[in-house]
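The block underneath contains the structure these notes are about, expressed in structure tokens.
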Amino acid sequence: MIRSVFSDKTILWAFVGFAILSLIGTLLPNWVLNNAMFGLARGLAVLGLLLMWRTGLISFGHALYFGLGAYAVAMLEKFTGTTDIFLRLLAALIVAGGVGFVIGLVLRHYRGIFFAMLSLAFSMVLYGVLVKTEALGSTDGFSVSQTTFLGWRPSSKYPLFLSIIAICLLATIGVQLYLRSALGHLTTSVRDNEIRVEYLGYSVARAVHVKYVISCALAGVAGALIAMALGQVDPDSMVNWTVSGELVFITIMSGPGSVVAPFIGAITFEFLRTFAFEWAPHAWQLIVGGTLLGIIFFLPEGLWSLIRRLWTKKERRRDRYTSSAGARSA
């Protein structure tokens with residue numbers, strides 16, 4: 001079983017990449033470590049959006065599930081005092097996945113702009129409830145205590161960093177295996193021709209629903225991880241439409257070519273925003289927006305297409321060298 005999993009080159013390279021990142025984490029200063037944690041957590045939500053994008057759907061309201069995951073962590077601590085990472089993640093997964101399942105029963109019948117705007121509408125309903133309800137923190141939100149691990153309270157953020165890496169790796173492997181399954185292969189088929197999929201005996205609505213719930217669950221876990229890494233939740237940074245916009249931004253920046261791409265794009269976005277704000281605090285949005293325009297014009301398939309091109313050129317040079325060496329030896 002393990003051999004069949006790691007026979008997939010994408011999973012193998014994901015494992016290697018996350019392993020290297022975990023090793024160099026001990027050498028990183030705190031601000032870099034924080035940006036890496038934020039990027040990896042957002043990449044988890046973008047991984048879910050990538051799953052929807054391959055189906056031909058885009059959600060402008062995934063901040064709903066991102067925020068539900070974050071607030072599940074805060075409310076669990078407020079009412080029960082729980083700070084354990086496993087219980088926090090379980091609560092976020094159940095809340096975001098459960099709400100996604102219910103809303104998905106409605107959204108699975110819509111496509112295109114209707115799907116996108118309905119998802120945004122549901123997200124803004126939650127935002128309005130959080131802002132107007134004092135018991136839910138209103139505009140101030142809640143602080144989140146340091147995460148514990150089965151009762152152990154670490155003295156640094158590195159254990160949380162390792163936990164985020166482990167969760168992202170498991171999610172990457174899970175989504176990749178799902179895309180290789182029969183139901184996963186319907187992803188692009190639904191996008192290309194829904195009628196043909198129905199004629200083959202599959203329910204398009206059910207396939208969309210399953211992908212939507214997976215996407216929502218990933219966004220909920222991402223929100224929980226952000227809450228634990230940041231130590232604070234509030235409506236503007238967790239549920240507002242700008243959060244959904246950032247996730248869509250990263251999805252476009254990353255490209256749909258690989259399940260590893262969302263994490264590369266998300267980490268790039270975090271550092272881009274940090275340096276843009278440092279260099280031009282009053283015009284950082286212009287820098288970030290200009291970067292997106294450049295990617296759309298010159299890399300329409302996202303950052304992953306650039307990595308793929310470089311890798312393809314490297315393989316071609318290696319093949320030419322091998323063939324020329326074989327000709328000389330002959």
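Just remember, in the structure tokens the first chain shown is A, the second B, etc., residues are 1-based per chain, and ligands are 1-based in the order shown.
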
*as JSON, numbers by chain, list the residues of segment 232-303 of chain A assigned to alpha helix (DSSP H) by DSSP on the backbone atoms of this structure.*
{"A": [235, 236, 237, 238, 241, 242, 243, 244, 245, 246, 247, 248, 249, 250, 251, 252, 253, 254, 261, 262, 263, 264, 265, 266, 267, 268, 269, 270, 271, 272, 273, 274, 275, 276, 277, 278, 279, 284, 285, 286, 287, 288, 289, 290, 291, 292, 293, 294, 295, 296, 297, 298, 303]}

*So which residues touch Gln146 of chain A within 9 Å, counting only C-alpha atoms, skipping near sequence neighbours fewer than 6 positions away, as a PyMOL selection string?*
chain A and resi 83+153-154+228-229+231

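Distance check against Phe115 of chain A using only C-alpha atoms: of A:Ile11, A:Leu186, A:Met52, A:Ala171, the minimum falls on A:Met52.
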
*Contacts of segment 292-308 of chain A at 7 Å (only C-alpha atoms; same-chain gap of 3+ positions) as a ChimeraX atom specification*: /A:252-257,261,265,288-289,311-312

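Proximity to Leu64 of chain A was assessed for A:Tyr158, A:Phe79, A:Trp241, A:Phe86 counting only C-alpha atoms; the smallest distance is recorded for A:Trp241.
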
*Run DSSP on the backbone and give me the residues of segment 147-247 of chain A it puts in strand (DSSP E or B), as number ranges by chain.*
A: 148-149, 152, 232-233

*asked:* Give me the residues near Ile214 of chain A as a ChimeraX atom specification, where near means some atom within 9 Å (using only C-alpha atoms) and where sequence neighbours in that chain fewer than 6 positions away do not count.
replied: /A:48,51,97,100,175

Counting only C-alpha atoms, which residues in segment 45-162 of chain A sit no more than 12 Å from segment 190-206 of chain A? For each one, give the nearest pair of atoms and the distance in Å, sorted by chain then residue number, as CSV.
```
residue,atom,partner,partner_atom,distance
A:Leu51,CA,A:Arg191,CA,11.4
A:Met52,CA,A:Arg191,CA,9.7
A:Trp53,CA,A:Arg191,CA,8.9
A:Arg54,CA,A:Arg191,CA,7.1
A:Thr55,CA,A:Arg191,CA,4.8
A:Gly56,CA,A:Arg191,CA,4.7
A:Leu57,CA,A:Arg191,CA,8.0
A:Ile58,CA,A:Arg191,CA,11.5
A:Phe101,CA,A:Arg206,CA,11.1
A:Gly104,CA,A:Ala205,CA,9.5
A:Leu105,CA,A:Ala205,CA,8.7
A:Val106,CA,A:Ala205,CA,9.9
A:Leu107,CA,A:Ala205,CA,9.1
A:Arg108,CA,A:Ala205,CA,5.3
A:His109,CA,A:Ala205,CA,6.3
A:Tyr110,CA,A:Ala205,CA,9.1
A:Arg111,CA,A:Arg191,CA,10.0
A:Gly112,CA,A:Arg191,CA,10.6
```

Expected file contents, prior selection, all heavy atoms, as a short mmCIF file (atom, residue, chain, number, x, y, z; two decimals), in the first residue's frame:
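Printed below is result.cif as written:
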```cif
data_model
loop_
_atom_site.label_atom_id
_atom_site.label_comp_id
_atom_site.auth_asym_id
_atom_site.auth_seq_id
_atom_site.Cartn_x
_atom_site.Cartn_y
_atom_site.Cartn_z
N LEU A 51 -9.75 21.87 -6.10
CA LEU A 51 -10.63 20.74 -6.40
C LEU A 51 -11.90 21.22 -7.09
O LEU A 51 -12.39 20.60 -8.04
CB LEU A 51 -10.96 20.00 -5.10
CG LEU A 51 -11.56 18.60 -5.21
CD1 LEU A 51 -10.62 17.66 -5.93
CD2 LEU A 51 -11.89 18.07 -3.82
N MET A 52 -12.45 22.35 -6.62
CA MET A 52 -13.64 22.90 -7.24
C MET A 52 -13.33 23.50 -8.62
O MET A 52 -14.12 23.37 -9.56
CB MET A 52 -14.25 23.99 -6.34
CG MET A 52 -14.69 23.51 -4.97
SD MET A 52 -15.90 22.18 -5.04
CE MET A 52 -17.22 22.99 -5.93
N TRP A 53 -12.17 24.14 -8.73
CA TRP A 53 -11.79 24.77 -9.98
C TRP A 53 -11.65 23.72 -11.08
O TRP A 53 -12.04 23.95 -12.23
CB TRP A 53 -10.48 25.54 -9.79
CG TRP A 53 -10.10 26.43 -10.94
CD1 TRP A 53 -10.87 26.72 -12.03
CD2 TRP A 53 -8.89 27.15 -11.10
NE1 TRP A 53 -10.19 27.58 -12.86
CE2 TRP A 53 -8.98 27.87 -12.32
CE3 TRP A 53 -7.73 27.27 -10.35
CZ2 TRP A 53 -7.94 28.67 -12.78
CZ3 TRP A 53 -6.72 28.08 -10.81
CH2 TRP A 53 -6.81 28.77 -12.02
N ARG A 54 -11.08 22.58 -10.76
CA ARG A 54 -10.96 21.52 -11.76
C ARG A 54 -12.32 20.99 -12.19
O ARG A 54 -12.44 20.39 -13.26
CB ARG A 54 -10.11 20.37 -11.20
CG ARG A 54 -8.63 20.69 -11.12
CD ARG A 54 -7.83 19.44 -10.82
NE ARG A 54 -6.40 19.67 -10.85
CZ ARG A 54 -5.49 18.71 -10.78
NH1 ARG A 54 -5.87 17.45 -10.68
NH2 ARG A 54 -4.21 19.00 -10.81
N THR A 55 -13.32 21.20 -11.36
CA THR A 55 -14.68 20.80 -11.72
C THR A 55 -15.37 21.88 -12.55
O THR A 55 -16.49 21.67 -13.03
CB THR A 55 -15.50 20.52 -10.44
OG1 THR A 55 -14.72 19.73 -9.55
CG2 THR A 55 -16.78 19.77 -10.73
N GLY A 56 -14.71 23.03 -12.71
CA GLY A 56 -15.29 24.13 -13.46
C GLY A 56 -16.05 25.10 -12.61
O GLY A 56 -16.81 25.92 -13.13
N LEU A 57 -15.87 25.03 -11.28
CA LEU A 57 -16.60 25.90 -10.36
C LEU A 57 -15.61 26.71 -9.53
O LEU A 57 -14.51 26.25 -9.22
CB LEU A 57 -17.48 25.06 -9.42
CG LEU A 57 -18.57 24.21 -10.08
CD1 LEU A 57 -19.19 23.28 -9.07
CD2 LEU A 57 -19.64 25.10 -10.71
N ILE A 58 -16.01 27.91 -9.18
CA ILE A 58 -15.20 28.76 -8.32
C ILE A 58 -16.09 29.33 -7.24
O ILE A 58 -17.23 29.75 -7.50
CB ILE A 58 -14.51 29.89 -9.11
CG1 ILE A 58 -13.47 30.60 -8.25
CG2 ILE A 58 -15.51 30.84 -9.70
CD1 ILE A 58 -12.28 29.76 -7.88
N PHE A 101 -21.94 20.45 4.02
CA PHE A 101 -22.83 19.41 3.52
C PHE A 101 -24.24 19.96 3.32
O PHE A 101 -24.89 19.69 2.30
CB PHE A 101 -22.86 18.23 4.50
CG PHE A 101 -23.79 17.13 4.10
CD1 PHE A 101 -23.39 16.16 3.19
CD2 PHE A 101 -25.08 17.06 4.60
CE1 PHE A 101 -24.25 15.14 2.80
CE2 PHE A 101 -25.95 16.05 4.22
CZ PHE A 101 -25.54 15.08 3.32
N GLY A 104 -24.23 22.61 0.59
CA GLY A 104 -23.94 21.93 -0.67
C GLY A 104 -25.17 21.32 -1.30
O GLY A 104 -25.24 21.16 -2.53
N LEU A 105 -26.16 20.94 -0.49
CA LEU A 105 -27.41 20.42 -1.03
C LEU A 105 -28.12 21.43 -1.93
O LEU A 105 -28.87 21.07 -2.85
CB LEU A 105 -28.35 20.00 0.11
CG LEU A 105 -27.89 18.81 0.96
CD1 LEU A 105 -28.80 18.63 2.17
CD2 LEU A 105 -27.87 17.53 0.12
N VAL A 106 -27.88 22.71 -1.65
CA VAL A 106 -28.46 23.79 -2.48
C VAL A 106 -27.54 24.13 -3.64
O VAL A 106 -27.96 24.17 -4.80
CB VAL A 106 -28.70 25.05 -1.61
CG1 VAL A 106 -29.23 26.19 -2.48
CG2 VAL A 106 -29.68 24.74 -0.49
N LEU A 107 -26.25 24.34 -3.33
CA LEU A 107 -25.32 24.83 -4.35
C LEU A 107 -25.01 23.82 -5.44
O LEU A 107 -24.61 24.20 -6.54
CB LEU A 107 -24.01 25.26 -3.68
CG LEU A 107 -24.07 26.49 -2.76
CD1 LEU A 107 -22.69 26.84 -2.25
CD2 LEU A 107 -24.70 27.68 -3.47
N ARG A 108 -25.19 22.53 -5.18
CA ARG A 108 -24.81 21.54 -6.18
C ARG A 108 -25.68 21.60 -7.43
O ARG A 108 -25.34 21.02 -8.46
CB ARG A 108 -24.87 20.14 -5.58
CG ARG A 108 -26.26 19.63 -5.23
CD ARG A 108 -26.17 18.26 -4.60
NE ARG A 108 -27.47 17.60 -4.50
CZ ARG A 108 -27.63 16.33 -4.11
NH1 ARG A 108 -26.57 15.61 -3.76
NH2 ARG A 108 -28.82 15.79 -4.05
N HIS A 109 -26.79 22.33 -7.37
CA HIS A 109 -27.67 22.45 -8.53
C HIS A 109 -27.36 23.70 -9.38
O HIS A 109 -28.03 23.94 -10.38
CB HIS A 109 -29.13 22.51 -8.08
CG HIS A 109 -29.57 21.28 -7.34
ND1 HIS A 109 -29.67 20.05 -7.94
CD2 HIS A 109 -29.92 21.10 -6.04
CE1 HIS A 109 -30.08 19.15 -7.06
NE2 HIS A 109 -30.23 19.75 -5.90
N TYR A 110 -26.36 24.49 -8.96
CA TYR A 110 -26.05 25.74 -9.66
C TYR A 110 -24.65 25.67 -10.26
O TYR A 110 -23.78 24.94 -9.79
CB TYR A 110 -26.14 26.93 -8.70
CG TYR A 110 -27.54 27.19 -8.21
CD1 TYR A 110 -28.02 26.57 -7.06
CD2 TYR A 110 -28.39 28.04 -8.90
CE1 TYR A 110 -29.30 26.79 -6.60
CE2 TYR A 110 -29.69 28.28 -8.45
CZ TYR A 110 -30.13 27.65 -7.31
OH TYR A 110 -31.41 27.87 -6.87
N ARG A 111 -24.44 26.47 -11.30
CA ARG A 111 -23.16 26.51 -11.98
C ARG A 111 -22.79 27.96 -12.28
O ARG A 111 -23.61 28.86 -12.21
CB ARG A 111 -23.20 25.71 -13.30
CG ARG A 111 -23.56 24.24 -13.15
CD ARG A 111 -22.48 23.44 -12.46
NE ARG A 111 -22.85 22.03 -12.39
CZ ARG A 111 -23.52 21.50 -11.36
NH1 ARG A 111 -23.89 22.26 -10.33
NH2 ARG A 111 -23.82 20.21 -11.35
N GLY A 112 -21.53 28.15 -12.65
CA GLY A 112 -21.07 29.45 -13.11
C GLY A 112 -21.21 30.55 -12.07
O GLY A 112 -20.94 30.36 -10.88
#
```

_Can you pull out the residues contacting Leu130 of chain A? Cut-off 12 Å, using only C-alpha atoms, and skip same-chain residues under 6 positions away; I want them as a PyMOL selection string._
chain A and resi 64+67-68+71+123-124+136-142+233-236+238-240

*Tell me, as a VMD selection string, which residues lie within 10 Å of Leu230 of chain A, counting only C-alpha atoms; anything in the same chain fewer than 3 positions away does not count.*
chain A and resid 34 37 to 38 143 to 146 224 to 227 233

_Would you pick out the contacts of Tyr178 of chain A at 12 Å or less, using only C-alpha atoms, so that residues sharing its chain but fewer than 3 positions from it are not included, and give the list as a list in words?_
Val5, Leu51, Ala171, Thr172, Ile173, Gly174, Val175, Ser181, Ala182, Leu183, Gly184, His185, Leu186, Thr187, Val210, Lys211, Ile214 and Val259 of chain A

Can you write out the residues you just picked, keeping N, CA, C and O atoms, as a CSV table (one decimal), in the first residue's frame?
```csv
chain,number,residue,atom,x,y,z
A,5,VAL,N,1.5,4.2,-2.9
A,5,VAL,CA,1.3,5.6,-2.7
A,5,VAL,C,2.5,6.4,-3.2
A,5,VAL,O,2.3,7.4,-3.9
A,51,LEU,N,-9.8,21.9,-6.1
A,51,LEU,CA,-10.6,20.7,-6.4
A,51,LEU,C,-11.9,21.2,-7.1
A,51,LEU,O,-12.4,20.6,-8.0
A,171,ALA,N,-3.2,16.0,3.8
A,171,ALA,CA,-4.3,16.5,2.9
A,171,ALA,C,-3.8,16.4,1.4
A,171,ALA,O,-4.7,16.0,0.6
A,172,THR,N,-2.6,16.7,1.2
A,172,THR,CA,-2.1,16.6,-0.2
A,172,THR,C,-2.2,15.1,-0.7
A,172,THR,O,-2.6,14.9,-1.8
A,173,ILE,N,-1.7,14.2,0.1
A,173,ILE,CA,-1.8,12.8,-0.3
A,173,ILE,C,-3.2,12.4,-0.5
A,173,ILE,O,-3.6,11.7,-1.4
A,174,GLY,N,-4.1,12.8,0.5
A,174,GLY,CA,-5.5,12.4,0.4
A,174,GLY,C,-6.2,12.9,-0.9
A,174,GLY,O,-6.9,12.1,-1.6
A,175,VAL,N,-6.0,14.2,-1.2
A,175,VAL,CA,-6.6,14.8,-2.4
A,175,VAL,C,-6.0,14.1,-3.7
A,175,VAL,O,-6.7,13.9,-4.6
A,181,SER,N,-8.9,8.3,-8.1
A,181,SER,CA,-10.0,7.4,-7.9
A,181,SER,C,-11.0,7.6,-9.0
A,181,SER,O,-10.9,8.6,-9.8
A,182,ALA,N,-12.0,6.7,-9.1
A,182,ALA,CA,-13.0,6.8,-10.1
A,182,ALA,C,-13.8,8.1,-10.0
A,182,ALA,O,-14.1,8.8,-10.9
A,183,LEU,N,-14.2,8.4,-8.7
A,183,LEU,CA,-14.9,9.6,-8.5
A,183,LEU,C,-14.1,10.8,-8.7
A,183,LEU,O,-14.6,11.9,-9.2
A,184,GLY,N,-12.8,10.8,-8.4
A,184,GLY,CA,-11.9,11.9,-8.7
A,184,GLY,C,-11.7,12.2,-10.2
A,184,GLY,O,-11.6,13.3,-10.6
A,185,HIS,N,-11.8,11.1,-11.0
A,185,HIS,CA,-11.6,11.3,-12.4
A,185,HIS,C,-12.8,12.0,-13.0
A,185,HIS,O,-12.7,12.5,-14.2
A,186,LEU,N,-13.9,12.1,-12.3
A,186,LEU,CA,-15.1,12.8,-12.8
A,186,LEU,C,-14.9,14.3,-12.7
A,186,LEU,O,-15.7,15.1,-13.2
A,187,THR,N,-13.9,14.7,-12.0
A,187,THR,CA,-13.6,16.2,-11.8
A,187,THR,C,-13.6,16.9,-13.1
A,187,THR,O,-14.4,17.8,-13.3
A,210,VAL,N,-19.9,16.0,-3.3
A,210,VAL,CA,-18.8,15.4,-2.6
A,210,VAL,C,-17.6,16.3,-2.6
A,210,VAL,O,-16.9,16.5,-1.6
A,211,LYS,N,-17.3,16.9,-3.8
A,211,LYS,CA,-16.1,17.7,-3.9
A,211,LYS,C,-16.3,19.0,-3.1
A,211,LYS,O,-15.3,19.5,-2.5
A,214,ILE,N,-15.7,18.2,0.6
A,214,ILE,CA,-14.2,18.0,0.9
A,214,ILE,C,-13.5,19.4,0.9
A,214,ILE,O,-12.7,19.7,1.8
A,259,VAL,N,-1.4,19.3,-7.0
A,259,VAL,CA,-1.9,19.5,-5.6
A,259,VAL,C,-0.9,20.1,-4.7
A,259,VAL,O,-1.2,20.5,-3.6
```

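Atom to atom, atom CA of Thr10 of chain A and atom CA of Leu177 of chain A stand 10.3 Å apart.
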
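Among the candidates A:Cys216, A:Trp13, A:Thr147, A:Ile113, the one nearest to Ile94 of chain A when counting only C-alpha atoms is A:Cys216.
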
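Of the residues listed (A:Phe114, A:Phe263, A:Phe66, A:Trp152), A:Phe263 shows the shortest atom-to-atom separation from Leu50 of chain A; distances use only C-alpha atoms.
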
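Shortest separation to Asp8 of chain A among A:Arg180, A:His62, A:Arg309, A:Arg42 occurs at residue A:Arg180, atoms counted being only C-alpha atoms.
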